[in-house]
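Peer 1: The structure's right below; bear with me while I get my questions together.
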Amino acid sequence: MLKVLRMIFRRAPLLVLIILIWIILSVLSIAGRGKAYKSYASEDKFAPGISIFMRGLHDHVLPWSDAKNTGKNRDSAKEPEDSVDTDKTRLASGEEDLPDENEKDAGKDSDSQKDVKELSSEEESEEKSGEEKAVKKESAEDDDQGKEAEEKETKEKDINEKDIDEKDITQKETGEKESSGTDPDSADSSKKDGDQSSEGKETAKSDTQTQKVPARSSTPVVKAKDYGVAQKSYLSPEDTVYNKDTEGLFAPDGTYYSFQKVEDSYFVDALFVGDSRTVGLYEYGGMADTASFLARESTTIYDLFDENEKMDYAARGKKPTERTFKGLLSKTDFGKIYLSVGVNELGVPDTKDFYEEYRKVIRRINKLQPDAIIYIQGIMHVSKDKSSSDPVYNNTAIVQRNQAIATLANGRNIFYIDMNTDLCDEDGNLKKELTGDGIHLKASACELWHKFLCKNAIVLPAAEKAKEDKNTTEASSKKEEAEKAEKEASEKETSEKETSEKNTSVKDSSEKETSEKSTSEKDTSGKE
Amino acid sequence: MYFEACALPAVLKTGTVRMINFSGVDFIFRFLPVFLILYSLIPPKYRDILLFAGSIFFYASGARLFVFVLLGLVVINYLFGELVYVQPGRPRRASHKKMMFAVILIDVGILILFKMLALRVSASLLPLGLSFYIFKMLSYQADLFRGEINKRPSFFQAAAYFTMFPQISQGPIMRFSQGWTEKPSNIRRQFAFVQRTVPLHKIEDGITFFIMGLAMKVLIADRLGMLWNEIIKIGFESISTPLAWIGAAGYSLELYFDFWGYSLMAGGLGLMLGFRYIHNFIHPYAACGIADFYRRWHATLGSWFRDYVYIPLGGSRDGAASTIRNLVIVWLLTGFWHGGTLNFILWGAVLCLLIILEKFVAGGLIRKIPVIGHLLVIFFIPLTWVIFAITDLKDLGIYFTRLFPFFGPGTAVNSSDYLKYLGIYWPFLAVGILLCIPVFYNLLVWKRRNPVVIALLFIVFWISVYFSSISAGNPFMYFSF
């Protein structure tokens, strides 16, 4: 036996060596299948042992590694069975460790503030029949829907003392359905048009309704045409409700902020954080000398606060050095932090998980840099060719994720901006001439991003308000909105409203107004 | 890469099918060992059947329903082949000729049909490897007619020849007679086989070539492919001139190592199955002149066109005018074979022009001073690959204005961009350029039994498997931005 083996080895040493290592690695891999490689095995049941071993190696997971420490969060997120549990624990721990941004301001009033919040949320969900959840339930049953609409109508009449046509309401419901990302028609361009017109109406309505015009903390997520390629597992399950951070639509002094035009000097204390797209902005956006950048190719929201995730940090006009996000934020103060991530993690199910992680990251940033304005940049869409062929990196998935993270804006220090309106065609696909590979802006198109940022900035001092209003009106991309606003409003604020934010529809905000005003007043007192 | 240029079906790109890809883990550790074990266990006379069956399985795993196109063509070509077959030494009759032209018409018609469908409707409608197996079928018919095949092939011999998995997706375009045994003493001539079993040292050689090819594909070509992607990402109008040249060089090397790597893997697999090694790349970048380059680059395709188009048309016998005409026909066909879009035709035309100029104008000079021939290759070939790479003629024009910036600067150019990409990709470019020099590769092949080379190949194999696993195996990671 040994003789035969030796003979074989002498004639074909490479063959023998490879087979030997192959067997060893396969055995190791199979042994680790239940433990260290659990997530890999469930992800791809038929993957050869070798391939699992190599992928583990890539993520620094070895067969004998502890299952709990299998690398990054991403790995556990990939695993469908455990994901629910991890979500909960992560969420819970996140809320315990990281106080809500309201709490830090509120100080001793935090309890009462919480009460107010809870009350308002109760009101939202239980007392008001026109609320989001109720509508969602009802919308399932067609019979009740009409009734619901009627009720809503009466309520709105009461509040507004003004006629509202039913079309408006149905459209609102559509918007709500869309925000859950389950409506297959959500990407329909015809509906998009409908939404736009309803937006116009809402603007008009809100202007008369209240002296304080609601903050347009976001521009709309451009609807993407659903080519039917999106894999369901990357999207959130039906009826997912995102815990909105949009309660605080008011600034501490009780007024709204709105986007306005700024000069390049605005970005002097800004930090841009993101993936390869942000690298592109750094290299070709003409902002390297005015702003600071912390970016790395293929980074994700899960990586941002990873201790091992060293990114390239280019302080204003300086050469890049390696830094971690946490390290940077705890040493250097920034006035504005722009986040642009989300395309690399499209392959990590699902939207809900992405959203929770994003929320956590924002809270950590807010804790480290309480005075900074945080801009959540909507994920830029991909081109039509890419979107219509890729089950993972397509606009259906991107729109859903944008709808989720847009709800994290609070209109006080966290804002959602979405440049897709400036870059996409009417189907919501990134314009062909702006991209070479379908995913990134071409170098020559990065200037558009820069311009968008200049047009959509928040300036905090209230003194600038008059100027700000004017500018925002100009910045608004939709003429009709602007016209209506000019006609009807004494205080004008226009721009677009993000679809999912319609959950907190204008009516809601007016109803919440009282409670929120008190909240924000408390905020102010806390600060002072 | 070469695949994609030839309009690879979209299904492969999604990464859902991995077995069809030689560098994929599923092929290396599943299909191949299982097939080799079965192949060595069954009696040699059934091996043609097993090779056919295994190849159909292999093809179906990647090309799905197109397997029926293949099967249909196999049956048609076998049946016509029966009618076309001329015993060596026997006279040809008119019916032989008629049948041959009929089947050639069918084969070429199907090739054009699918190429047009791919061009006009969707690239995913082009069956995987169609251009390659149709060319094998055409050469089979011609060889039968010319009396170059000694014995009437059986169905499974012909079918195994048409479909054999090492060659089905990207060649080399082996001739039927190359698959036959060389030994006339063997009475029971079989497709592929003399020996009862493939000797161990042949398998070892096969593995050696396979690993070299795998490493070229995974460690050089795929890495350099990322450089080309970066350039597409930036947009051609915004790259600096040095980067444009680095891009052209990078793309040329990528194409070379992708296709040479593939050919080495195919050759190695052939050896493991008991076939002869088919030479497809003979150090093209060491060629002296453009024509010489194409005798060495994709040699089986070049010799195919020579034997079945150029020479039947009269070759270079009937004076300069007809030679030029024949060259033009061959090169336009070559361009069309690579892809239907205009840039491929342009690519063929430019090469044709270069070869004609070289033959009639600079021929003497190159013979006297060979360095000029080498410089021509190094300068012009990468430029022709740029034409090959960019299917949109407008984009192509933009790229050339960046290569030769006489028409003003580009837009939003970062003039030091090439430093960044050179910093990232220089090791791959350097290794690539070194491997273009024949002595390194030849030394490796010559010393392949040396323990140092074995150790090197062993390490390179596992590194390749590592990269192959993390990039292709995981559908989430096949791109990262």
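Residue names in the structure tokens use chain letters A, B, ... in the order shown, residue numbers from 1 in each chain, and ligand numbers from 1 in the order shown.
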Counting only C-alpha atoms, which residues of chain B come no farther than 7 Å from chain A, as an mmCIF file with C-alpha atoms, in the first residue's frame?
Peer 2:
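Resulting contents of result.cif:
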```cif
data_model
loop_
_atom_site.group_PDB
_atom_site.id
_atom_site.type_symbol
_atom_site.label_atom_id
_atom_site.label_comp_id
_atom_site.auth_asym_id
_atom_site.auth_seq_id
_atom_site.Cartn_x
_atom_site.Cartn_y
_atom_site.Cartn_z
ATOM 1 C CA VAL B 25 -14.622 25.936 -7.494
ATOM 2 C CA ASP B 26 -17.553 23.806 -8.576
ATOM 3 C CA LEU B 200 -0.084 9.189 -14.347
ATOM 4 C CA HIS B 201 2.579 11.508 -15.641
ATOM 5 C CA GLU B 204 0.360 15.373 -13.769
ATOM 6 C CA ILE B 232 -14.879 52.712 -17.673
ATOM 7 C CA LYS B 233 -16.037 53.972 -14.303
ATOM 8 C CA ILE B 234 -14.137 57.239 -14.629
ATOM 9 C CA GLY B 235 -15.368 57.731 -18.164
ATOM 10 C CA SER B 238 -11.761 62.125 -18.085
ATOM 11 C CA THR B 411 -13.115 67.056 -19.276
ATOM 12 C CA ALA B 412 -12.574 66.823 -15.534
ATOM 13 C CA ILE B 454 5.968 22.060 -7.996
ATOM 14 C CA PHE B 458 0.966 24.222 -5.490
ATOM 15 C CA TYR B 466 -9.025 31.389 -2.751
ATOM 16 C CA SER B 469 -14.035 31.292 -4.146
ATOM 17 C CA ILE B 470 -14.398 34.755 -2.740
ATOM 18 C CA GLY B 473 -18.587 31.723 -5.240
ATOM 19 C CA PHE B 476 -22.903 39.024 -3.012
ATOM 20 C CA SER B 480 -17.854 45.632 -4.671
ATOM 21 C CA PHE B 481 -17.970 49.314 -5.115
#
```
Peer 1: Counting only C-alpha atoms, what is within 9 Å of Gly432 (chain B), bar same-chain residues fewer than 2 positions away, as a compact mmCIF listing (two decimals) with N, CA and C atoms, in the first residue's frame?
Peer 2:
```txt
# COMPACT_ATOMS: atom_id res chain seq x y z
N MET B 216 -3.14 32.30 -14.44
CA MET B 216 -3.16 33.42 -15.37
C MET B 216 -4.53 34.08 -15.41
N ILE B 220 -4.04 37.07 -12.76
CA ILE B 220 -3.58 38.19 -13.60
C ILE B 220 -4.76 38.81 -14.36
N ALA B 221 -5.42 38.00 -15.18
CA ALA B 221 -6.45 38.57 -16.05
C ALA B 221 -7.59 39.22 -15.26
N GLY B 250 -3.06 47.39 -20.13
CA GLY B 250 -3.72 46.51 -19.16
C GLY B 250 -4.77 45.64 -19.83
N LEU B 253 -3.14 42.92 -21.91
CA LEU B 253 -2.62 41.84 -21.07
C LEU B 253 -3.77 41.01 -20.50
N GLU B 254 -4.82 41.70 -20.12
CA GLU B 254 -5.96 40.99 -19.55
C GLU B 254 -6.52 39.99 -20.57
N PHE B 257 -4.05 37.03 -21.07
CA PHE B 257 -3.96 36.03 -20.01
C PHE B 257 -5.30 35.36 -19.75
N PRO B 427 1.98 45.39 -9.86
CA PRO B 427 2.47 44.00 -9.79
C PRO B 427 1.88 43.12 -10.88
N PHE B 428 0.61 43.33 -11.18
CA PHE B 428 -0.04 42.48 -12.18
C PHE B 428 0.48 42.82 -13.58
N LEU B 429 0.65 44.12 -13.80
CA LEU B 429 1.21 44.52 -15.10
C LEU B 429 2.62 43.97 -15.26
N ALA B 430 3.41 44.04 -14.18
CA ALA B 430 4.80 43.60 -14.27
C ALA B 430 4.87 42.10 -14.54
N LEU B 434 6.33 40.25 -17.89
CA LEU B 434 7.37 39.22 -17.79
C LEU B 434 6.95 37.93 -18.50
N LEU B 435 5.69 37.56 -18.29
CA LEU B 435 5.23 36.31 -18.88
C LEU B 435 5.06 36.40 -20.40
N CYS B 436 5.08 37.63 -20.93
CA CYS B 436 5.05 37.77 -22.39
C CYS B 436 6.39 37.39 -23.00
```
Peer 1: Please provide as a list in words all residues within 9 Å of region 365-375 of chain A, with the sequence filter that same-chain residues fewer than 6 positions apart are discarded (counting only C-alpha atoms).
Peer 2: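 Near region 365-375 of chain A, the qualifying residues are Leu98, Pro99, Asp100, Glu101, Lys104, Ala270, Lys326, Leu329, Ser330, Asp333, Phe334, Gly335, Lys336, Ile337, Tyr338, Leu339, Ser340, Ala409, Arg412, Asn413, Ile414, Phe415, Tyr416, Ile417, Ile458 and Leu460 of chain A.
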Peer 1: Hey, what's within 9 Å of region 47-58 of chain B if we count only C-alpha atoms and toss same-chain stuff fewer than 3 positions away? As number ranges by chain, please?
Peer 2: B: 19-20, 31, 35, 38-40, 42-44, 61-63, 67, 70-71, 156-166, 168, 190-193
Peer 1: For Asp395 (chain B), please output as number ranges by chain all residues within 12 Å (counting only C-alpha atoms; exclusion window: fewer than 4 positions along the same chain).
Peer 2: A: 433, 436; B: 232, 235-238, 343, 386-387, 389-391, 399-402
Peer 1: Near region 327-339 of chain B, within 8 Å and counting only C-alpha atoms, which residues show up once chain neighbours fewer than 6 positions away are dropped, as a PyMOL selection string?
Peer 2: chain B and resi 5-7+115+131+305+309-310+345-349+351-352+356
Peer 1: Output N, CA and C atoms for every residue in that selection, as a JSON list (two decimals), in the first residue's frame.
Peer 2:
```json
[["chain", "number", "residue", "atom", "x", "y", "z"],
["B", 5, "ALA", "N", -16.36, 39.55, -24.83],
["B", 5, "ALA", "CA", -16.22, 40.18, -26.13],
["B", 5, "ALA", "C", -17.00, 39.38, -27.16],
["B", 6, "CYS", "N", -17.07, 38.10, -26.97],
["B", 6, "CYS", "CA", -17.82, 37.25, -27.89],
["B", 6, "CYS", "C", -19.25, 37.08, -27.41],
["B", 7, "ALA", "N", -19.73, 38.03, -26.65],
["B", 7, "ALA", "CA", -21.11, 38.05, -26.19],
["B", 7, "ALA", "C", -21.50, 36.79, -25.43],
["B", 115, "LYS", "N", -26.10, 35.00, -34.23],
["B", 115, "LYS", "CA", -25.30, 36.23, -34.07],
["B", 115, "LYS", "C", -26.19, 37.46, -34.27],
["B", 131, "SER", "N", -19.87, 29.84, -31.71],
["B", 131, "SER", "CA", -18.87, 30.12, -32.75],
["B", 131, "SER", "C", -17.81, 29.04, -32.79],
["B", 305, "PHE", "N", -8.94, 29.60, -40.45],
["B", 305, "PHE", "CA", -9.21, 30.52, -41.55],
["B", 305, "PHE", "C", -8.23, 30.27, -42.71],
["B", 309, "VAL", "N", -10.53, 28.90, -45.53],
["B", 309, "VAL", "CA", -10.99, 30.08, -46.27],
["B", 309, "VAL", "C", -9.89, 30.62, -47.18],
["B", 310, "TYR", "N", -8.77, 30.94, -46.60],
["B", 310, "TYR", "CA", -7.72, 31.65, -47.34],
["B", 310, "TYR", "C", -7.15, 30.80, -48.47],
["B", 345, "ILE", "N", -15.80, 44.77, -36.80],
["B", 345, "ILE", "CA", -15.51, 44.84, -38.23],
["B", 345, "ILE", "C", -14.34, 45.82, -38.44],
["B", 346, "LEU", "N", -14.41, 46.94, -37.72],
["B", 346, "LEU", "CA", -13.34, 47.94, -37.81],
["B", 346, "LEU", "C", -12.02, 47.33, -37.35],
["B", 347, "TRP", "N", -12.10, 46.56, -36.28],
["B", 347, "TRP", "CA", -10.92, 45.88, -35.75],
["B", 347, "TRP", "C", -10.29, 44.97, -36.81],
["B", 348, "GLY", "N", -11.16, 44.17, -37.44],
["B", 348, "GLY", "CA", -10.67, 43.28, -38.49],
["B", 348, "GLY", "C", -10.08, 44.07, -39.66],
["B", 349, "ALA", "N", -10.75, 45.16, -40.01],
["B", 349, "ALA", "CA", -10.29, 45.96, -41.14],
["B", 349, "ALA", "C", -8.93, 46.59, -40.86],
["B", 351, "LEU", "N", -6.64, 45.56, -38.78],
["B", 351, "LEU", "CA", -5.61, 44.51, -38.77],
["B", 351, "LEU", "C", -5.27, 44.11, -40.20],
["B", 352, "CYS", "N", -6.31, 44.01, -41.02],
["B", 352, "CYS", "CA", -6.10, 43.62, -42.41],
["B", 352, "CYS", "C", -5.20, 44.64, -43.11],
["B", 356, "ILE", "N", -1.56, 43.95, -44.67],
["B", 356, "ILE", "CA", -1.27, 44.20, -46.09],
["B", 356, "ILE", "C", -0.08, 45.14, -46.22]]
```
Peer 1: Please return, as a VMD selection string, all residues of region 89-132 of chain B that DSSP assigns to helix (DSSP H, G or I) on the basis of the backbone.
Peer 2: chain B and resid 94 to 120 123 to 125 130 to 132
Peer 1: Which residues are near Leu304 (chain A)? Cut-off 8 Å, only C-alpha atoms, ignore same chain within fewer than 3 positions. Put them as JSON, numbers by chain.
Peer 2: {"A": [299, 300, 301, 309, 324, 325, 361]}
Peer 1: Generate the output file for the selected residues, C-alpha atoms, as a PDB file, in the first residue's frame.
Peer 2:
```pdb
ATOM      1  CA  THR A 299     -17.448  50.032   2.629  1.00  0.00           C
ATOM      2  CA  THR A 300     -20.895  49.499   4.111  1.00  0.00           C
ATOM      3  CA  ILE A 301     -23.020  50.799   6.931  1.00  0.00           C
ATOM      4  CA  GLU A 309     -12.277  49.234   9.141  1.00  0.00           C
ATOM      5  CA  THR A 324     -11.265  54.711  11.567  1.00  0.00           C
ATOM      6  CA  PHE A 325     -14.544  56.529  11.644  1.00  0.00           C
ATOM      7  CA  VAL A 361     -24.807  54.510  13.141  1.00  0.00           C
TER       8      VAL A 361
END
```
Peer 1: For CA of Leu117 (chain B) and CA of Asp392 (chain B), quote the distance in Å rounded to one decimal.
Peer 2: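 Computing the Euclidean distance for CA of Leu117 (chain B) and CA of Asp392 (chain B) yields 18.5 Å.
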Peer 1: Please identify the strand (DSSP E) residues within region 313-343 of chain A (assignment by DSSP from backbone atoms) and present them as a list in words.
Peer 2: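 Secondary structure check on region 313-343 of chain A, strand (DSSP E): Tyr313, Ala314, Thr321, Glu322, Arg323, Lys336, Ile337, Tyr338, Leu339 and Ser340 of chain A.
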Peer 1: Can you write out the residues you just picked, keeping C-alpha atoms, as a PDB file, in the first residue's frame?
Peer 2:
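To be explicit, this is the file written out as result.pdb:
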```
ATOM      1  CA  TYR A 313      -9.162  60.205   5.528  1.00  0.00           C
ATOM      2  CA  ALA A 314      -8.362  63.262   3.479  1.00  0.00           C
ATOM      3  CA  THR A 321      -4.182  58.913   5.725  1.00  0.00           C
ATOM      4  CA  GLU A 322      -5.770  55.838   7.256  1.00  0.00           C
ATOM      5  CA  ARG A 323      -8.284  56.422  10.016  1.00  0.00           C
ATOM      6  CA  LYS A 336     -21.674  68.667   8.883  1.00  0.00           C
ATOM      7  CA  ILE A 337     -21.383  64.962   8.281  1.00  0.00           C
ATOM      8  CA  TYR A 338     -22.567  63.593   4.949  1.00  0.00           C
ATOM      9  CA  LEU A 339     -23.224  59.876   4.792  1.00  0.00           C
ATOM     10  CA  SER A 340     -23.339  58.061   1.483  1.00  0.00           C
TER      11      SER A 340
END
```
